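Visitor: File input.cif below, mmCIF, N, CA and C atoms:
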data_structure
#
loop_
_atom_site.label_atom_id
_atom_site.label_comp_id
_atom_site.auth_asym_id
_atom_site.auth_seq_id
_atom_site.Cartn_x
_atom_site.Cartn_y
_atom_site.Cartn_z
N MET A 1 0.83 -1.18 0.00
CA MET A 1 0.00 0.00 0.00
C MET A 1 0.88 1.24 0.00
N VAL A 2 0.40 2.26 -0.67
CA VAL A 2 1.18 3.48 -0.79
C VAL A 2 1.27 4.24 0.52
N SER A 3 0.15 4.41 1.23
CA SER A 3 0.17 5.32 2.37
C SER A 3 -0.24 4.69 3.70
N PHE A 4 -0.46 3.42 3.74
CA PHE A 4 -0.86 2.76 4.97
C PHE A 4 0.21 1.77 5.39
N GLU A 5 0.32 1.55 6.68
CA GLU A 5 1.27 0.57 7.19
C GLU A 5 0.54 -0.74 7.50
N THR A 6 -0.48 -1.03 6.75
CA THR A 6 -1.28 -2.23 6.96
C THR A 6 -1.27 -3.06 5.68
N ASP A 7 -1.03 -4.33 5.84
CA ASP A 7 -1.06 -5.24 4.70
C ASP A 7 -2.50 -5.72 4.52
N LEU A 8 -3.05 -5.48 3.33
CA LEU A 8 -4.43 -5.88 3.07
C LEU A 8 -4.63 -7.38 3.21
N ASP A 9 -3.62 -8.15 2.81
CA ASP A 9 -3.74 -9.60 2.94
C ASP A 9 -3.86 -10.01 4.40
N ASP A 10 -3.14 -9.30 5.29
CA ASP A 10 -3.25 -9.59 6.72
C ASP A 10 -4.66 -9.28 7.24
N LEU A 11 -5.23 -8.17 6.78
CA LEU A 11 -6.59 -7.82 7.20
C LEU A 11 -7.58 -8.87 6.72
N ARG A 12 -7.44 -9.28 5.48
CA ARG A 12 -8.36 -10.29 4.94
C ARG A 12 -8.20 -11.63 5.65
N LEU A 13 -6.95 -12.00 5.93
CA LEU A 13 -6.71 -13.25 6.65
C LEU A 13 -7.29 -13.19 8.07
N SER A 14 -7.11 -12.07 8.72
CA SER A 14 -7.68 -11.90 10.07
C SER A 14 -9.20 -12.00 10.02
N SER A 15 -9.80 -11.40 9.00
CA SER A 15 -11.24 -11.47 8.84
C SER A 15 -11.70 -12.91 8.66
N LYS A 16 -11.00 -13.67 7.84
CA LYS A 16 -11.35 -15.09 7.62
C LYS A 16 -11.17 -15.90 8.90
N GLU A 17 -10.10 -15.65 9.63
CA GLU A 17 -9.86 -16.38 10.88
C GLU A 17 -10.95 -16.07 11.91
N LEU A 18 -11.36 -14.82 11.98
CA LEU A 18 -12.44 -14.48 12.90
C LEU A 18 -13.75 -15.14 12.48
N GLN A 19 -13.99 -15.23 11.17
CA GLN A 19 -15.20 -15.91 10.71
C GLN A 19 -15.14 -17.39 11.06
N ASN A 20 -13.95 -18.00 10.93
CA ASN A 20 -13.80 -19.40 11.34
C ASN A 20 -14.09 -19.56 12.83
N ALA A 21 -13.60 -18.63 13.64
CA ALA A 21 -13.87 -18.66 15.08
C ALA A 21 -15.37 -18.51 15.35
N ALA A 22 -16.01 -17.64 14.60
CA ALA A 22 -17.46 -17.45 14.76
C ALA A 22 -18.21 -18.74 14.43
N ASP A 23 -17.74 -19.46 13.41
CA ASP A 23 -18.37 -20.73 13.05
C ASP A 23 -18.21 -21.76 14.17
N ILE A 24 -17.04 -21.78 14.78
CA ILE A 24 -16.79 -22.71 15.90
C ILE A 24 -17.70 -22.36 17.08
N VAL A 25 -17.80 -21.07 17.38
CA VAL A 25 -18.66 -20.63 18.48
C VAL A 25 -20.11 -20.98 18.18
N SER A 26 -20.51 -20.84 16.92
CA SER A 26 -21.88 -21.20 16.54
C SER A 26 -22.15 -22.67 16.81
N GLY A 27 -21.19 -23.52 16.51
CA GLY A 27 -21.33 -24.95 16.80
C GLY A 27 -21.44 -25.23 18.28
N ALA A 28 -20.64 -24.53 19.07
CA ALA A 28 -20.70 -24.70 20.52
C ALA A 28 -22.05 -24.22 21.05
N HIS A 29 -22.53 -23.11 20.51
CA HIS A 29 -23.82 -22.57 20.91
C HIS A 29 -24.94 -23.57 20.62
N THR A 30 -24.91 -24.16 19.46
CA THR A 30 -25.91 -25.16 19.10
C THR A 30 -25.83 -26.37 20.03
N GLY A 31 -24.61 -26.79 20.36
CA GLY A 31 -24.44 -27.92 21.26
C GLY A 31 -24.96 -27.65 22.66
N VAL A 32 -24.71 -26.46 23.16
CA VAL A 32 -25.18 -26.10 24.50
C VAL A 32 -26.70 -26.01 24.51
N ARG A 33 -27.26 -25.50 23.42
CA ARG A 33 -28.72 -25.40 23.34
C ARG A 33 -29.35 -26.79 23.43
N GLY A 34 -28.69 -27.79 22.89
CA GLY A 34 -29.22 -29.14 22.92
C GLY A 34 -29.05 -29.86 24.24
N GLN A 35 -28.42 -29.24 25.21
CA GLN A 35 -28.19 -29.87 26.51
C GLN A 35 -29.13 -29.36 27.59
N ASP A 36 -30.24 -28.77 27.18
CA ASP A 36 -31.16 -28.24 28.16
C ASP A 36 -31.80 -29.37 28.96
N VAL A 37 -32.24 -29.01 30.15
CA VAL A 37 -32.88 -29.97 31.05
C VAL A 37 -34.34 -29.56 31.16
N PRO A 38 -35.24 -30.41 30.65
CA PRO A 38 -36.66 -30.03 30.74
C PRO A 38 -37.11 -30.00 32.20
N ALA A 39 -37.85 -28.99 32.53
CA ALA A 39 -38.35 -28.86 33.91
C ALA A 39 -39.63 -29.67 34.07
N PRO A 40 -39.84 -30.23 35.26
CA PRO A 40 -41.09 -30.95 35.49
C PRO A 40 -42.28 -30.00 35.41
N ASP A 41 -43.37 -30.50 34.92
CA ASP A 41 -44.59 -29.71 34.87
C ASP A 41 -44.99 -29.36 36.31
N PRO A 42 -45.20 -28.08 36.60
CA PRO A 42 -45.49 -27.69 37.98
C PRO A 42 -46.82 -28.26 38.49
N VAL A 43 -47.75 -28.56 37.60
CA VAL A 43 -49.04 -29.07 38.05
C VAL A 43 -48.98 -30.58 38.24
N THR A 44 -48.68 -31.32 37.18
CA THR A 44 -48.67 -32.78 37.26
C THR A 44 -47.44 -33.31 37.97
N GLY A 45 -46.33 -32.60 37.89
CA GLY A 45 -45.10 -33.06 38.53
C GLY A 45 -45.21 -33.09 40.04
N GLY A 46 -46.04 -32.21 40.62
CA GLY A 46 -46.21 -32.19 42.06
C GLY A 46 -47.07 -33.32 42.58
N PHE A 47 -48.06 -33.71 41.81
CA PHE A 47 -48.98 -34.77 42.25
C PHE A 47 -48.42 -36.17 42.01
N MET A 48 -47.85 -36.36 40.83
CA MET A 48 -47.31 -37.67 40.49
C MET A 48 -45.92 -37.48 39.89
N PRO A 49 -44.91 -37.20 40.74
CA PRO A 49 -43.59 -36.85 40.23
C PRO A 49 -42.94 -37.93 39.39
N GLY A 50 -43.15 -39.19 39.68
CA GLY A 50 -42.52 -40.25 38.91
C GLY A 50 -43.16 -40.48 37.56
N LEU A 51 -44.45 -40.23 37.46
CA LEU A 51 -45.19 -40.54 36.24
C LEU A 51 -44.99 -39.48 35.15
N PHE A 52 -45.03 -38.21 35.54
CA PHE A 52 -44.96 -37.13 34.55
C PHE A 52 -43.61 -36.41 34.53
N ALA A 53 -42.67 -36.84 35.32
CA ALA A 53 -41.36 -36.17 35.37
C ALA A 53 -40.60 -36.43 34.07
N PRO A 54 -39.93 -35.42 33.55
CA PRO A 54 -39.19 -35.62 32.31
C PRO A 54 -37.91 -36.40 32.57
N ASP A 55 -37.44 -37.11 31.56
CA ASP A 55 -36.13 -37.76 31.65
C ASP A 55 -35.06 -36.70 31.47
N THR A 56 -34.17 -36.60 32.42
CA THR A 56 -33.09 -35.61 32.34
C THR A 56 -31.78 -36.27 32.73
N ALA A 57 -30.72 -35.51 32.63
CA ALA A 57 -29.41 -35.99 33.07
C ALA A 57 -29.41 -36.26 34.57
N PHE A 58 -30.38 -35.71 35.28
CA PHE A 58 -30.45 -35.86 36.73
C PHE A 58 -31.46 -36.93 37.13
N GLY A 59 -31.93 -37.71 36.18
CA GLY A 59 -32.86 -38.78 36.49
C GLY A 59 -34.30 -38.32 36.43
N LYS A 60 -35.18 -39.27 36.59
CA LYS A 60 -36.60 -38.99 36.50
C LYS A 60 -37.23 -38.80 37.88
N SER A 61 -36.65 -39.42 38.89
CA SER A 61 -37.30 -39.36 40.20
C SER A 61 -36.31 -39.20 41.34
N LEU A 62 -35.15 -38.60 41.08
CA LEU A 62 -34.15 -38.47 42.13
C LEU A 62 -34.40 -37.28 43.06
N GLY A 63 -35.38 -36.46 42.73
CA GLY A 63 -35.68 -35.33 43.60
C GLY A 63 -34.62 -34.25 43.55
N MET A 64 -33.99 -34.07 42.42
CA MET A 64 -32.91 -33.09 42.29
C MET A 64 -33.39 -31.83 41.56
N ARG A 65 -34.54 -31.37 41.91
CA ARG A 65 -35.08 -30.19 41.22
C ARG A 65 -34.17 -28.97 41.38
N GLY A 66 -33.62 -28.80 42.56
CA GLY A 66 -32.72 -27.66 42.77
C GLY A 66 -31.47 -27.77 41.92
N VAL A 67 -30.93 -28.98 41.83
CA VAL A 67 -29.72 -29.19 41.03
C VAL A 67 -30.04 -28.99 39.56
N SER A 68 -31.14 -29.58 39.10
CA SER A 68 -31.47 -29.43 37.68
C SER A 68 -31.81 -27.98 37.35
N ALA A 69 -32.45 -27.26 38.27
CA ALA A 69 -32.75 -25.85 38.03
C ALA A 69 -31.47 -25.03 37.98
N ALA A 70 -30.51 -25.31 38.86
CA ALA A 70 -29.24 -24.59 38.84
C ALA A 70 -28.47 -24.89 37.56
N TYR A 71 -28.47 -26.15 37.15
CA TYR A 71 -27.81 -26.53 35.90
C TYR A 71 -28.43 -25.79 34.73
N GLU A 72 -29.75 -25.79 34.66
CA GLU A 72 -30.44 -25.15 33.54
C GLU A 72 -30.17 -23.65 33.52
N GLU A 73 -30.14 -23.04 34.69
CA GLU A 73 -29.84 -21.61 34.77
C GLU A 73 -28.44 -21.32 34.24
N HIS A 74 -27.48 -22.14 34.65
CA HIS A 74 -26.11 -21.97 34.19
C HIS A 74 -26.00 -22.24 32.68
N ARG A 75 -26.65 -23.31 32.22
CA ARG A 75 -26.61 -23.66 30.80
C ARG A 75 -27.21 -22.54 29.95
N ALA A 76 -28.32 -21.97 30.41
CA ALA A 76 -28.95 -20.88 29.68
C ALA A 76 -28.04 -19.65 29.63
N ALA A 77 -27.33 -19.38 30.72
CA ALA A 77 -26.40 -18.24 30.75
C ALA A 77 -25.24 -18.48 29.78
N VAL A 78 -24.71 -19.71 29.74
CA VAL A 78 -23.63 -20.04 28.81
C VAL A 78 -24.12 -19.90 27.37
N GLU A 79 -25.33 -20.38 27.11
CA GLU A 79 -25.89 -20.27 25.76
C GLU A 79 -26.01 -18.80 25.34
N LYS A 80 -26.46 -17.97 26.25
CA LYS A 80 -26.60 -16.54 25.97
C LYS A 80 -25.24 -15.90 25.68
N MET A 81 -24.23 -16.24 26.48
CA MET A 81 -22.90 -15.67 26.27
C MET A 81 -22.28 -16.17 24.94
N LEU A 82 -22.52 -17.43 24.61
CA LEU A 82 -22.01 -17.95 23.34
C LEU A 82 -22.68 -17.25 22.16
N ALA A 83 -23.97 -16.98 22.27
CA ALA A 83 -24.67 -16.25 21.21
C ALA A 83 -24.08 -14.85 21.06
N LYS A 84 -23.80 -14.21 22.18
CA LYS A 84 -23.21 -12.87 22.16
C LYS A 84 -21.80 -12.91 21.56
N LEU A 85 -21.01 -13.92 21.94
CA LEU A 85 -19.67 -14.07 21.39
C LEU A 85 -19.73 -14.32 19.88
N HIS A 86 -20.67 -15.13 19.45
CA HIS A 86 -20.84 -15.42 18.03
C HIS A 86 -21.13 -14.14 17.25
N ARG A 87 -22.09 -13.35 17.75
CA ARG A 87 -22.44 -12.09 17.07
C ARG A 87 -21.25 -11.14 17.01
N SER A 88 -20.56 -10.97 18.13
CA SER A 88 -19.46 -10.00 18.15
C SER A 88 -18.29 -10.47 17.28
N THR A 89 -18.04 -11.77 17.24
CA THR A 89 -16.96 -12.29 16.40
C THR A 89 -17.30 -12.12 14.93
N GLN A 90 -18.54 -12.40 14.57
CA GLN A 90 -18.97 -12.18 13.19
C GLN A 90 -18.87 -10.70 12.82
N ASP A 91 -19.32 -9.84 13.71
CA ASP A 91 -19.25 -8.39 13.46
C ASP A 91 -17.80 -7.94 13.26
N ALA A 92 -16.90 -8.44 14.08
CA ALA A 92 -15.49 -8.07 13.95
C ALA A 92 -14.92 -8.56 12.63
N SER A 93 -15.29 -9.76 12.23
CA SER A 93 -14.84 -10.31 10.94
C SER A 93 -15.31 -9.42 9.80
N GLN A 94 -16.59 -9.06 9.82
CA GLN A 94 -17.14 -8.22 8.76
C GLN A 94 -16.51 -6.83 8.77
N ALA A 95 -16.23 -6.31 9.95
CA ALA A 95 -15.60 -4.99 10.05
C ALA A 95 -14.19 -5.01 9.45
N LEU A 96 -13.41 -6.06 9.75
CA LEU A 96 -12.07 -6.15 9.17
C LEU A 96 -12.12 -6.27 7.65
N ALA A 97 -13.06 -7.04 7.15
CA ALA A 97 -13.21 -7.17 5.70
C ALA A 97 -13.56 -5.82 5.08
N ARG A 98 -14.43 -5.08 5.74
CA ARG A 98 -14.81 -3.75 5.23
C ARG A 98 -13.63 -2.78 5.29
N VAL A 99 -12.85 -2.83 6.36
CA VAL A 99 -11.66 -1.97 6.47
C VAL A 99 -10.70 -2.28 5.32
N ALA A 100 -10.51 -3.56 5.02
CA ALA A 100 -9.63 -3.93 3.91
C ALA A 100 -10.16 -3.36 2.59
N GLU A 101 -11.47 -3.42 2.39
CA GLU A 101 -12.07 -2.85 1.17
C GLU A 101 -11.84 -1.35 1.09
N LEU A 102 -12.04 -0.67 2.22
CA LEU A 102 -11.85 0.79 2.24
C LEU A 102 -10.40 1.17 2.01
N TYR A 103 -9.47 0.46 2.67
CA TYR A 103 -8.05 0.71 2.46
C TYR A 103 -7.68 0.51 1.00
N GLU A 104 -8.20 -0.55 0.42
CA GLU A 104 -7.89 -0.84 -0.98
C GLU A 104 -8.40 0.27 -1.90
N ALA A 105 -9.61 0.76 -1.64
CA ALA A 105 -10.18 1.84 -2.44
C ALA A 105 -9.36 3.13 -2.30
N VAL A 106 -8.99 3.45 -1.07
CA VAL A 106 -8.19 4.65 -0.83
C VAL A 106 -6.82 4.50 -1.47
N ASP A 107 -6.23 3.33 -1.34
CA ASP A 107 -4.92 3.08 -1.93
C ASP A 107 -4.97 3.23 -3.45
N GLU A 108 -6.01 2.70 -4.06
CA GLU A 108 -6.15 2.82 -5.52
C GLU A 108 -6.32 4.28 -5.92
N ASP A 109 -7.10 5.02 -5.15
CA ASP A 109 -7.28 6.44 -5.42
C ASP A 109 -5.96 7.19 -5.30
N ASN A 110 -5.17 6.86 -4.26
CA ASN A 110 -3.87 7.50 -4.08
C ASN A 110 -2.92 7.19 -5.23
N LYS A 111 -2.92 5.95 -5.70
CA LYS A 111 -2.07 5.57 -6.83
C LYS A 111 -2.44 6.37 -8.08
N GLN A 112 -3.75 6.53 -8.31
CA GLN A 112 -4.18 7.30 -9.48
C GLN A 112 -3.77 8.77 -9.36
N ARG A 113 -3.84 9.34 -8.17
CA ARG A 113 -3.41 10.72 -7.97
C ARG A 113 -1.91 10.87 -8.21
N VAL A 114 -1.14 9.89 -7.71
CA VAL A 114 0.31 9.94 -7.92
C VAL A 114 0.62 9.86 -9.41
N ASN A 115 -0.06 8.97 -10.11
CA ASN A 115 0.17 8.85 -11.56
C ASN A 115 -0.22 10.11 -12.30
N ARG A 116 -1.37 10.70 -11.94
CA ARG A 116 -1.78 11.96 -12.60
C ARG A 116 -0.78 13.06 -12.31
N ALA A 117 -0.30 13.14 -11.07
CA ALA A 117 0.68 14.18 -10.72
C ALA A 117 1.99 13.95 -11.47
N ALA A 118 2.38 12.69 -11.64
CA ALA A 118 3.62 12.39 -12.35
C ALA A 118 3.55 12.78 -13.82
N TYR A 119 2.37 12.69 -14.38
CA TYR A 119 2.20 13.02 -15.81
C TYR A 119 1.64 14.42 -16.02
N GLY A 120 1.51 15.19 -14.95
CA GLY A 120 1.07 16.57 -15.04
C GLY A 120 -0.41 16.73 -15.30
N ASN A 121 -1.18 15.74 -14.98
CA ASN A 121 -2.63 15.79 -15.19
C ASN A 121 -3.37 15.90 -13.87
N GLN A 122 -2.95 16.79 -13.03
CA GLN A 122 -3.59 16.93 -11.73
C GLN A 122 -5.04 17.37 -11.92
N GLY A 123 -5.95 16.68 -11.20
CA GLY A 123 -7.34 17.09 -11.37
C GLY A 123 -8.29 16.39 -10.48
#
Can the structure in the file be given as structure tokens, please?
Guide:
Amino acid sequence: MVSFETDLDDLRLSSKELQNAADIVSGAHTGVRGQDVPAPDPVTGGFMPGLFAPDTAFGKSLGMRGVSAAYEEHRAAVEKMLAKLHRSTQDASQALARVAELYEAVDEDNKQRVNRAAYGNQG
């Protein structure tokens, strides 16, 4: 580049790497979403806990409602943070790609000005 100390290829590579990271985070987000623990129905679960209780990682009738609720709360928070990380990583990737485009446009404009000035066609 004529007037920048930034290599456009580095910007583009960084943008691609961030997009790859966003794809990985998206996969993790999907995986965490699939690990939810269904809560027992508050109406039927209280009367017949063994019959209507959902199958979870904590069993069907172990009486671990507090544990399963804490797990689900934590899992939901992790899912939310992964979604936020995915969005911000994608945004950063797109921003770097756009910066590379802008630098390239400005660089091309500067080259044309230098050429016009060299040939006396300033305008």
Visitor: Quick one: of A:Gly120, A:Gln90, A:Gln112, A:Ala83, who's nearest to His29 in chain A, counting only N, CA and C atoms?
Guide: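 Among the listed residues, the smallest separation from His29 in chain A belongs to A:Ala83.
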Visitor: What is the distance, in Å and to one decimal place, between atom C of Arg33 in chain A and atom C of Val67 in chain A?
Guide: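 Atom C of Val67 in chain A lies at a distance of 16.3 Å from atom C of Arg33 in chain A.
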Visitor: Could you please determine the separation between atom N of Leu8 in chain A and CA of Ser26 in chain A in Å, to one decimal place?
Guide: 27.9 Å
